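Working notes, structure below.
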Amino acid sequence: MNNASTVRRFALVDVDSCFVACERVFHPELAGVPLVVLSNNDGCVVARSREAKNMGVPMGIAWFKLREWAGRHGLVARSSNYELYGSMSSRLMTVLSEFSATTEVYSLDEAFLQLRGTPSELVATAREIRRRIAHDLGLPVSVGIAPSRTLAKTFCHGAKDHPRLAGVGSYDQYSPEAIDAILDKIPARDVWGIGRRIAGRLDGLGITTALQLRDSDPRHMRTRFSVATERAIRELRGTDCVTIADRDAARTGQVMFSRSFSTPVTTRDQMHQVIGIYAQQAATRLRQQGSTTAGFWAFASTSAFVEPFHQVSISGHFEAPTADPVSIVKQITAALLPRMTPGLKHVRAGVSLLDLAPAGAQEMLELFAPDPRLTVIGGLVDKVNKNCGRGAVGIGHAGLAQPPDWQMKRDILSERATTHWAELASVSAR
DNA sequence: TCTGGGGTCCTAGGACCC
DNA sequence: TCTGGGGTCCTAGGACCC
């Protein structure tokens with residue numbers, strides 16, 4: 001409540017209904033219209049406008065269950081357009097980086113900024129952030145300000161739910177009693193880091209609100225649950241103890257490419273093509289971030305909604321760390337194809353590259369060094385696809401001219417208005 | 001008929017070694 | 001042949017997030 005002294009705070013900036021908001025930037029006629037954005041394959045609802053929420057459209061509902069009803073009630077849908085959202089996201093992050101030297105990109109539409117100032121100065125900064133993002137990008141954002149990231153999330157949600165706050169929620173503007181009252185109204189399952197499973201077990205202990213969770217014994221809860229639950233509790237008390245992985249510095253971990261098909265795949269030939277293309281996509285991401293991979297994991301499966309569910313998965317190591325798409329594709333298809341059962345209706349497959357490391361991190365034994373002619377091919381494929389469109393060139397079975405019939409369905413896709421010349425938005429003055 | 005696609009972190013348990 | 005404890009490393013799987 002002391003508005004005079006300088007404090008260090010986290011500010012969470014979060015785009016309101018991000019995918020919906022991005023669609024509306026280039027289609028202003030959709031403002032005020034109940035709108036949803038669908039997952040890949042037009043499978044289910046992944047984003048809803050305020051109007052759609054008010055109509056009672058649930059998150060995650062399958063589109064085929066909703067389509068007819070939507071037509072009758074004026075609910076509009078769009079296929080997800082990740083190219084557009086990705087481009088809007090990088091513009092957003094560029095603007096945010098002007099407000100703090102320490103910004104952590106948490107997802108496409110969220111970032112944590114570390115700020116310093118008096119509580120009222122920080123609120124003024126948050127208002128300026130909202131104004132800038134609205135002016136420069138046309139996107140609405142909410143901001144939560146608090147001593148820990150978890151509380152910043154909580155107060156950001158509060159800012160979205162209470163129009164009176166005009167998009168900014170600040171922990172420091174409330175007395176301790178008021179904070180207790182706020183946390184008492186928030187279900188424990190809505191606390192960042194508490195998922196469905198843990199929430200169910202907390203319920204069994206009589207812990208149902210964020211307030212009860214905050215006031216439970218962190219050490220005891222650690223032994224009962226895990227260090228993640230302990231951290232959630234300490235964060236609710238205002239102690240900063242969650243860290244966000246630095247994706248740029250780490251460059252480790254894994255890349256994955258997986259998709260559902262629009263029509264089932266039943267033959268080895270088709271699966272060969274699928275896995276070839278997916279492995280190539282994963283290899284492209286690998287090179288884009290300048291990494292090599294030492295191992296892989298791949299799977300193909302039937303629908304999880306139809307009994308009996310069947311999945312085959314394989315994993316393995318490469319002889320030496322590599323970024324070469326030829327050997328990646330070869331080895332993964334050679335491992336997976338013999339294990340698949342022709343005739344089964346496969347609806348989904350994926351390829352994951354593991355044990356990533358920065359390219360050139362270690363000298364390879366000459367014995368295992370790849371043929372230098374091979375290392376050139378990957379870059380070449382990337383270049384041609386960049387200039388001539390994705391899929392212009394491919395390796396082996398992935399290099400087919402005809403679009404395969406299992407490929408993704410996106411029937412109601414908006415323009416890629418920020419990344420493709422042919423799809424730019426046009427503006428006319430009257 | 002038709003139900004997303006990425007990721008990260010933590011823990012338990014087995015293999016292996018001294 | 002049996003008996004022990006303690007450490008590390010790896011992997012699989014669970015839980016969570018957007």
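Each chain of the structure tokens is named A, B, ... in the order shown, its residues numbered from 1; ligands are numbered from 1 in display order.
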Within 12 Å of chain C, which residues of chain A come that close, and what is the closest atom pair and distance in Å for each? Count only C-alpha atoms (C1' of nucleotides) and give it as a tab-separated table.
```
residue	atom	partner	partner_atom	distance
A:Asp14	CA	C:DC18	C1'	11.3
A:Ser17	CA	C:DC18	C1'	11.9
A:Cys18	CA	C:DC18	C1'	11.1
A:Val46	CA	C:DC18	C1'	10.4
A:Ala47	CA	C:DC18	C1'	11.3
A:Val105	CA	C:DC18	C1'	11.9
A:Tyr106	CA	C:DC18	C1'	8.6
A:Ser107	CA	C:DC18	C1'	6.4
A:Leu108	CA	C:DC18	C1'	8.1
A:Asp109	CA	C:DC18	C1'	8.7
A:Glu110	CA	C:DC18	C1'	9.0
A:Ala111	CA	C:DC18	C1'	11.9
A:Arg189	CA	C:DC16	C1'	11.6
A:Val191	CA	C:DC16	C1'	11.4
A:Trp192	CA	C:DC17	C1'	8.4
A:Gly193	CA	C:DC16	C1'	6.2
A:Ile194	CA	C:DC16	C1'	7.4
A:Gly195	CA	C:DC16	C1'	6.0
A:Arg196	CA	C:DC16	C1'	8.9
A:Arg197	CA	C:DA15	C1'	7.6
A:Ile198	CA	C:DA15	C1'	8.3
A:Ala199	CA	C:DA15	C1'	11.3
A:Phe225	CA	C:DA15	C1'	10.9
A:Ser226	CA	C:DA15	C1'	10.3
A:Ala228	CA	C:DC16	C1'	9.4
A:Thr229	CA	C:DC16	C1'	10.9
A:Ile244	CA	C:DC17	C1'	11.5
A:Ser315	CA	C:DT11	C1'	11.5
```
Residues as selected, N, CA, C and O atoms, written as an mmCIF file, in the first residue's frame, can you do that?
```
data_model
loop_
_atom_site.group_PDB
_atom_site.id
_atom_site.type_symbol
_atom_site.label_atom_id
_atom_site.label_comp_id
_atom_site.auth_asym_id
_atom_site.auth_seq_id
_atom_site.Cartn_x
_atom_site.Cartn_y
_atom_site.Cartn_z
ATOM 1 N N ASP A 14 -0.142 -10.095 -21.480
ATOM 2 C CA ASP A 14 -0.840 -11.226 -22.093
ATOM 3 C C ASP A 14 -1.886 -10.681 -23.082
ATOM 4 O O ASP A 14 -2.712 -9.862 -22.714
ATOM 5 N N SER A 17 -7.406 -13.069 -25.717
ATOM 6 C CA SER A 17 -7.856 -13.981 -26.795
ATOM 7 C C SER A 17 -6.986 -13.823 -28.032
ATOM 8 O O SER A 17 -7.460 -13.435 -29.103
ATOM 9 N N CYS A 18 -5.718 -14.153 -27.892
ATOM 10 C CA CYS A 18 -4.713 -13.779 -28.893
ATOM 11 C C CYS A 18 -5.075 -14.133 -30.335
ATOM 12 O O CYS A 18 -5.037 -13.284 -31.216
ATOM 13 N N VAL A 46 -9.740 -23.686 -30.159
ATOM 14 C CA VAL A 46 -8.605 -23.365 -29.295
ATOM 15 C C VAL A 46 -8.594 -21.910 -28.849
ATOM 16 O O VAL A 46 -7.797 -21.534 -28.006
ATOM 17 N N ALA A 47 -9.453 -21.078 -29.406
ATOM 18 C CA ALA A 47 -9.540 -19.698 -28.935
ATOM 19 C C ALA A 47 -10.953 -19.185 -29.170
ATOM 20 O O ALA A 47 -11.579 -19.509 -30.180
ATOM 21 N N VAL A 105 10.177 -14.244 -22.888
ATOM 22 C CA VAL A 105 9.078 -14.663 -23.764
ATOM 23 C C VAL A 105 8.587 -16.003 -23.246
ATOM 24 O O VAL A 105 9.321 -16.980 -23.234
ATOM 25 N N TYR A 106 7.340 -16.027 -22.808
ATOM 26 C CA TYR A 106 6.844 -17.265 -22.223
ATOM 27 C C TYR A 106 6.049 -18.089 -23.223
ATOM 28 O O TYR A 106 6.083 -19.308 -23.210
ATOM 29 N N SER A 107 5.316 -17.435 -24.099
ATOM 30 C CA SER A 107 4.580 -18.150 -25.143
ATOM 31 C C SER A 107 4.349 -17.162 -26.276
ATOM 32 O O SER A 107 4.817 -16.031 -26.222
ATOM 33 N N LEU A 108 3.621 -17.597 -27.286
ATOM 34 C CA LEU A 108 3.333 -16.703 -28.410
ATOM 35 C C LEU A 108 2.759 -15.381 -27.931
ATOM 36 O O LEU A 108 3.060 -14.331 -28.485
ATOM 37 N N ASP A 109 1.922 -15.419 -26.911
ATOM 38 C CA ASP A 109 1.165 -14.219 -26.560
ATOM 39 C C ASP A 109 1.417 -13.723 -25.145
ATOM 40 O O ASP A 109 0.649 -12.938 -24.630
ATOM 41 N N GLU A 110 2.491 -14.184 -24.511
ATOM 42 C CA GLU A 110 2.756 -13.774 -23.142
ATOM 43 C C GLU A 110 4.237 -13.508 -22.923
ATOM 44 O O GLU A 110 5.074 -14.255 -23.426
ATOM 45 N N ALA A 111 4.527 -12.493 -22.132
ATOM 46 C CA ALA A 111 5.912 -12.267 -21.737
ATOM 47 C C ALA A 111 5.949 -11.678 -20.339
ATOM 48 O O ALA A 111 5.049 -10.937 -19.942
ATOM 49 N N ARG A 189 -7.157 -24.724 -8.379
ATOM 50 C CA ARG A 189 -6.784 -25.295 -9.681
ATOM 51 C C ARG A 189 -6.450 -24.219 -10.702
ATOM 52 O O ARG A 189 -5.877 -24.517 -11.746
ATOM 53 N N VAL A 191 -4.440 -21.752 -10.051
ATOM 54 C CA VAL A 191 -3.105 -21.233 -9.767
ATOM 55 C C VAL A 191 -2.127 -21.838 -10.771
ATOM 56 O O VAL A 191 -2.179 -23.033 -11.069
ATOM 57 N N TRP A 192 -1.262 -21.000 -11.294
ATOM 58 C CA TRP A 192 -0.252 -21.421 -12.271
ATOM 59 C C TRP A 192 0.592 -22.557 -11.693
ATOM 60 O O TRP A 192 1.155 -22.403 -10.597
ATOM 61 N N GLY A 193 0.658 -23.674 -12.360
ATOM 62 C CA GLY A 193 1.467 -24.799 -11.892
ATOM 63 C C GLY A 193 0.653 -25.870 -11.188
ATOM 64 O O GLY A 193 1.154 -26.955 -10.910
ATOM 65 N N ILE A 194 -0.619 -25.559 -10.887
ATOM 66 C CA ILE A 194 -1.508 -26.561 -10.292
ATOM 67 C C ILE A 194 -2.451 -27.048 -11.396
ATOM 68 O O ILE A 194 -3.289 -26.304 -11.871
ATOM 69 N N GLY A 195 -2.269 -28.284 -11.791
ATOM 70 C CA GLY A 195 -3.085 -28.826 -12.877
ATOM 71 C C GLY A 195 -4.262 -29.614 -12.353
ATOM 72 O O GLY A 195 -4.575 -29.605 -11.161
ATOM 73 N N ARG A 196 -4.912 -30.336 -13.243
ATOM 74 C CA ARG A 196 -6.120 -31.071 -12.895
ATOM 75 C C ARG A 196 -5.834 -32.136 -11.832
ATOM 76 O O ARG A 196 -6.554 -32.283 -10.855
ATOM 77 N N ARG A 197 -4.750 -32.862 -12.048
ATOM 78 C CA ARG A 197 -4.421 -33.981 -11.167
ATOM 79 C C ARG A 197 -4.155 -33.530 -9.742
ATOM 80 O O ARG A 197 -4.746 -34.001 -8.777
ATOM 81 N N ILE A 198 -3.222 -32.561 -9.627
ATOM 82 C CA ILE A 198 -2.849 -32.072 -8.306
ATOM 83 C C ILE A 198 -4.051 -31.415 -7.633
ATOM 84 O O ILE A 198 -4.290 -31.590 -6.433
ATOM 85 N N ALA A 199 -4.831 -30.676 -8.427
ATOM 86 C CA ALA A 199 -6.007 -30.007 -7.868
ATOM 87 C C ALA A 199 -6.949 -31.026 -7.237
ATOM 88 O O ALA A 199 -7.503 -30.796 -6.155
ATOM 89 N N PHE A 225 3.546 -33.803 -2.355
ATOM 90 C CA PHE A 225 3.376 -33.647 -3.804
ATOM 91 C C PHE A 225 4.750 -33.592 -4.457
ATOM 92 O O PHE A 225 5.399 -34.609 -4.583
ATOM 93 N N SER A 226 5.207 -32.397 -4.800
ATOM 94 C CA SER A 226 6.536 -32.303 -5.397
ATOM 95 C C SER A 226 7.054 -30.891 -5.221
ATOM 96 O O SER A 226 6.352 -30.007 -4.727
ATOM 97 N N ALA A 228 7.392 -28.781 -7.366
ATOM 98 C CA ALA A 228 6.615 -27.834 -8.173
ATOM 99 C C ALA A 228 5.480 -27.229 -7.345
ATOM 100 O O ALA A 228 5.203 -26.028 -7.432
ATOM 101 N N THR A 229 4.839 -28.062 -6.521
ATOM 102 C CA THR A 229 3.745 -27.578 -5.675
ATOM 103 C C THR A 229 4.290 -26.648 -4.594
ATOM 104 O O THR A 229 3.703 -25.612 -4.286
ATOM 105 N N ILE A 244 11.963 -19.197 -15.793
ATOM 106 C CA ILE A 244 11.531 -19.513 -17.152
ATOM 107 C C ILE A 244 12.776 -19.918 -17.922
ATOM 108 O O ILE A 244 13.760 -19.189 -17.936
ATOM 109 N N SER A 315 12.627 -45.425 -30.888
ATOM 110 C CA SER A 315 13.612 -44.402 -30.566
ATOM 111 C C SER A 315 14.993 -44.952 -30.868
ATOM 112 O O SER A 315 15.172 -46.159 -30.992
#
```
As a PyMOL selection string, please: every residue in segment 65-215 of chain A that a backbone DSSP assignment puts in alpha helix (DSSP H).
chain A and resi 65-73+82-96+119-137+149-161+176-184+196-204+210-214
What parts of segment 46-120 of chain A does DSSP call strand (DSSP E)? I'd like the answer as a ChimeraX atom specification.
/A:46-48,76-79,103-107,110-117
Closest to Gly360 of chain A among A:Ser414, A:Thr341, A:Ser291, A:Gln311, using only C-alpha atoms?
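Between A:Ser414, A:Thr341, A:Ser291, A:Gln311, the residue approaching Gly360 of chain A most closely is A:Ser291.
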Record the distance separating atom CA of Thr6 of chain A and atom CA of Arg234 of chain A, expressed in Å with one decimal.
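Separation of atom CA of Thr6 of chain A and atom CA of Arg234 of chain A: 22.2 Å.
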Do you have the atom CA of Arg231 of chain A-atom CA of Lys185 of chain A distance handy?
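Separating atom CA of Arg231 of chain A from atom CA of Lys185 of chain A is a distance of 20.7 Å.
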